[in-house]
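Down below is the structure, laid out as structure tokens.
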Amino acid sequence: MSRVQQLLQRWPFAFALLLALVLLVLNLLISPSFLSPQRLPATLSTLAPFVLVGFASTPAILSGGIDISVGPLATFINCFFVAILIPAGLGNWQVAVPLVLLLAAAIGAINGVLIAVLRLHPVVATTGMLFLLIGLSLTIAQNPIAAPDNWTEVFAGSVGIIPGALISIGAAALIWFGLRRTAFVSNLLATGESDISAFGSGVNTTAVRILAYSVGGLFAGIAGIALTAIVQSSQSSLATTYALLGLAAAVLGGTSLAGGRGGLLGALFGAICIYLLQQLLTASGVAPSLIQFAYGALLVVGVVLGATLLTPRLKKVRS
Amino acid sequence: MSESTTIRKQTASAERRLGPKIKRILVELPVLQALVLLVLAAWLLISIPSIFNPRSVTSLLLIASLLALAAMGQTLVVILGGLDLATPGYILFGAFMAANATGKLGLSPMLAILLTILVCGGIGALIGRICHRFAVQPLVVTLGTGAALTGATLFLADGDYSSVPHDSLRSLASLRATTFGLPFPPIILIVLLLGVALWVFLNRTTAGRRLYATGVNFRAAGLTRIRTSIVWVLVFAASGAFAGLAGVFIAAYGSGWSQTIGDPYLFSGLAAVLVGGTIFGSIHGSYTRTLLGALILTLLSTIIVSNGLSEAQSRIVFGVIILAVVSLYGRERHVRNRF
């Protein structure tokens, strides 16, 4: 038991990984064709927004804060692309991709400035931003607007043999991998663990925080593109659903809300768990209301297990 | 010359004394919020003078009191330094009890309210216990529990959203209801009385002081022999019970319910708490502030809608107002001042 516990403490995402494997096996038992090559691109593309919103929540949580506006940011990017860029004739990918990602990162950076420079509580700042983004999305597209044929369809299908969703998830993962090669990620973890110690050892905590929220915004932008790929319309009503999903994915993956512990892999496995659970219950014909029940219960059980098995350290600090 | 120096010195010292004093008053009392409220009320009166009639004022107060009731538990949780995302679940359950249980199953309204308070309070107590025992963030536990409660309620409702709350419940919260012969619905009085009771509780009882102490510094409170586990359990139980109660009245006000009846109240309730000036885990929090916050938000959305802007644009203004108001008084200290 203690060896398992050590393993789990060494790798915070191990619990989510194990849970994901169990759920995958169950899924395969119920519908054996779940992982067949024909279905894989579609499966992965419905998974992609979950994973990317989970990614987007992670840097903010690692910095010791929280960003509840990433889900609304993803849906805002979706509405912005479908209802503004495409009608304006800027829908081709050479123009739209940089524009959309820049906008998303800039909105993330505004969050960062509000939190690090104006020193608002992260929940306050991102709640304000959540209202702003939901309002903007509703202003742009009150009702769903169908998108004409566009390049995002690639992410719902596949390029050659590579599923398109792997490109969007891979792009985010690559950016994070690049950042890991720099001092940024270690400084981010140090800031999240204790901003006082980090500041005392010369880390520019203000810059680190702003950059963390910008990276989160950037990932949310990619999530917006992945979302557009599967819905092919503007969906301003999905905002709050994704706001809470992203948090759930990150935390289920072992990223500590106290900051400084966790990573993108955790969010990946956390998102996969939530997705597989939904798939499993849908495939076995359970009522949608019970799926929501199971999702809530999984979240509570996951967090409690995480707290008891993974981080006994925390308890010592708090009591 | 020496005289002028003395005078200058005196004024300087007076300023020095006055400055912090004003600042202290601004921080300790919700003066700024009251001012904002007055300005908004004046603006509303000037832009639409016809709104000043008993019926419109009552309906404004009614909407504000429902929002304030939904934000009541959130205020306590925020004072404790947490966040309760289960509010939509509680409200949905309360609405279900009000509509389906009293309307279709013929449960007596009193029993329905009691059951709502018991179930939501019990779930809240469980959340508080789990969060305290395992030292996990309430954010995730309440998120999960809220989703589970929503799912369970929808399963119980089994697709029936057409039931109407019992008449006696509707007479508590509908616009045409009267209180002791006076032309306003009893819910306004109920929220006001609950507000007074909470003020007395937070400011004049030991238990209230213990709540603040636990919120400001969990460990220090434990060391002064405050039983923080009981504080956590009771605060989350109260949050659940108040939100469930709010759900009953929201359904009674709307004479029915839907799957998403609780959703708007999560972030609007949080906005009322934040605009009121309650800060996470701090002594600067009270329910009076939330009442002001709820009134401010209700007036604001009325002004926005009456000026021909859409619901969507009122969200944008909400966001800007939260950021602007909180940056006036809710800023945290810089890292370098926290060594």
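Naming scheme: A, B, ... for chains in displayed order of the structure tokens; residues 1 onward per chain; ligands 1 onward as shown.
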
List the spatial neighbours of Leu189 in chain A as an MDAnalysis selection string - criterion: any atom at most 8 Å away, only C-alpha atoms, same-chain residues fewer than 5 positions off excluded. chainID A and resid 62:63 259:261

Residue selection dump (C-alpha atoms) as a tab-separated table (two decimals), in the first residue's frame:
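Once written, selection-v5.tsv looks like this:
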chain	number	residue	atom	x	y	z
A	62	LEU	CA	-0.14	26.39	-10.78
A	63	SER	CA	0.58	30.05	-10.05
A	259	GLY	CA	-0.66	26.07	-6.28
A	260	GLY	CA	2.79	24.89	-7.25
A	261	ARG	CA	1.95	21.23	-7.85

Once DSSP has gone over the backbone, tell me which residues of range 75-262 of chain A are in strand (DSSP E), as a list in words.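 Filtering range 75-262 of chain A to strand (DSSP E) leaves Ser158, Val159, Ile162 and Pro163 of chain A.
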
For those residues, write C-alpha atoms to a file as a compact mmCIF listing (two decimals), in the first residue's frame.
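Output (result-v8.txt):
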# COMPACT_ATOMS: atom_id res chain seq x y z
CA SER A 158 -8.12 13.86 -39.88
CA VAL A 159 -5.13 15.01 -41.92
CA ILE A 162 -3.29 11.83 -38.16
CA PRO A 163 -6.53 12.73 -36.35

Write out as a PDB file with N, CA and C atoms, in the first residue's frame each polymer residue whose atoms come within 12 Å of Ala183 in chain A, counting only C-alpha atoms; drop sequence neighbours fewer than 6 positions from it.
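Contents of part-v1.pdb, freshly written:
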ATOM      1  N   PHE A 177       5.710  22.452 -23.648  1.00  0.00           N
ATOM      2  CA  PHE A 177       7.008  21.775 -23.630  1.00  0.00           C
ATOM      3  C   PHE A 177       8.124  22.791 -23.872  1.00  0.00           C
ATOM      4  N   LEU A 189       6.029  27.436 -10.786  1.00  0.00           N
ATOM      5  CA  LEU A 189       5.771  26.510  -9.689  1.00  0.00           C
ATOM      6  C   LEU A 189       6.232  27.111  -8.369  1.00  0.00           C
ATOM      7  N   ALA A 190       7.382  27.816  -8.402  1.00  0.00           N
ATOM      8  CA  ALA A 190       7.881  28.440  -7.170  1.00  0.00           C
ATOM      9  C   ALA A 190       6.914  29.511  -6.694  1.00  0.00           C
ATOM     10  N   VAL A 203      12.559  36.115  -8.063  1.00  0.00           N
ATOM     11  CA  VAL A 203      11.676  35.831  -9.190  1.00  0.00           C
ATOM     12  C   VAL A 203      10.752  37.030  -9.393  1.00  0.00           C
ATOM     13  N   ASN A 204      10.592  37.444 -10.635  1.00  0.00           N
ATOM     14  CA  ASN A 204       9.669  38.536 -10.921  1.00  0.00           C
ATOM     15  C   ASN A 204       8.252  37.958 -10.928  1.00  0.00           C
ATOM     16  N   VAL A 208       5.683  36.651 -13.973  1.00  0.00           N
ATOM     17  CA  VAL A 208       5.365  35.221 -14.041  1.00  0.00           C
ATOM     18  C   VAL A 208       3.847  35.025 -14.040  1.00  0.00           C
TER      19      VAL A 208
END

With a distance cut-off of 12 Å and only C-alpha atoms, select the neighbouring residues of Ala207 in chain B, excluding the residue or stretch itself and same-chain residues fewer than 2 positions from it, and output the selection as a ChimeraX atom specification. /B:198,200-205,209-214,226-228,230-232,234-235

Just the residues within 12 Å of range 26-34 of chain A, please, counting only C-alpha atoms, with nothing from its chain fewer than 2 positions along; format it as an MDAnalysis selection string. chainID A and resid 19:24 36:44 273 275:285

May I ask for the distance between CA of Gly244 in chain B and CA of Phe267 in chain B, given in Å to one decimal place? 16.2 Å

Near range 85-92 of chain B, within 6 Å and counting only C-alpha atoms, which residues show up once chain neighbours fewer than 2 positions away are dropped, as a CSV table (one decimal) with C-alpha atoms, in the first residue's frame?
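Done, and the output landed in out-v3.csv:
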chain,number,residue,atom,x,y,z
B,94,GLY,CA,-35.7,24.0,-3.6
B,95,ALA,CA,-37.6,24.8,-6.8
B,142,THR,CA,-19.1,22.1,-4.0
B,143,LEU,CA,-18.8,22.0,-7.8
B,146,GLY,CA,-23.7,20.7,-7.0
B,149,LEU,CA,-27.5,17.3,-6.7
B,150,THR,CA,-28.6,18.8,-10.0
B,243,ALA,CA,-29.9,28.6,-1.1
B,244,GLY,CA,-32.5,25.8,-1.0
B,247,GLY,CA,-35.0,28.1,-4.6
B,262,GLY,CA,-30.5,28.0,-10.6
B,263,ASP,CA,-27.8,28.8,-13.1
B,266,LEU,CA,-24.6,31.4,-9.1
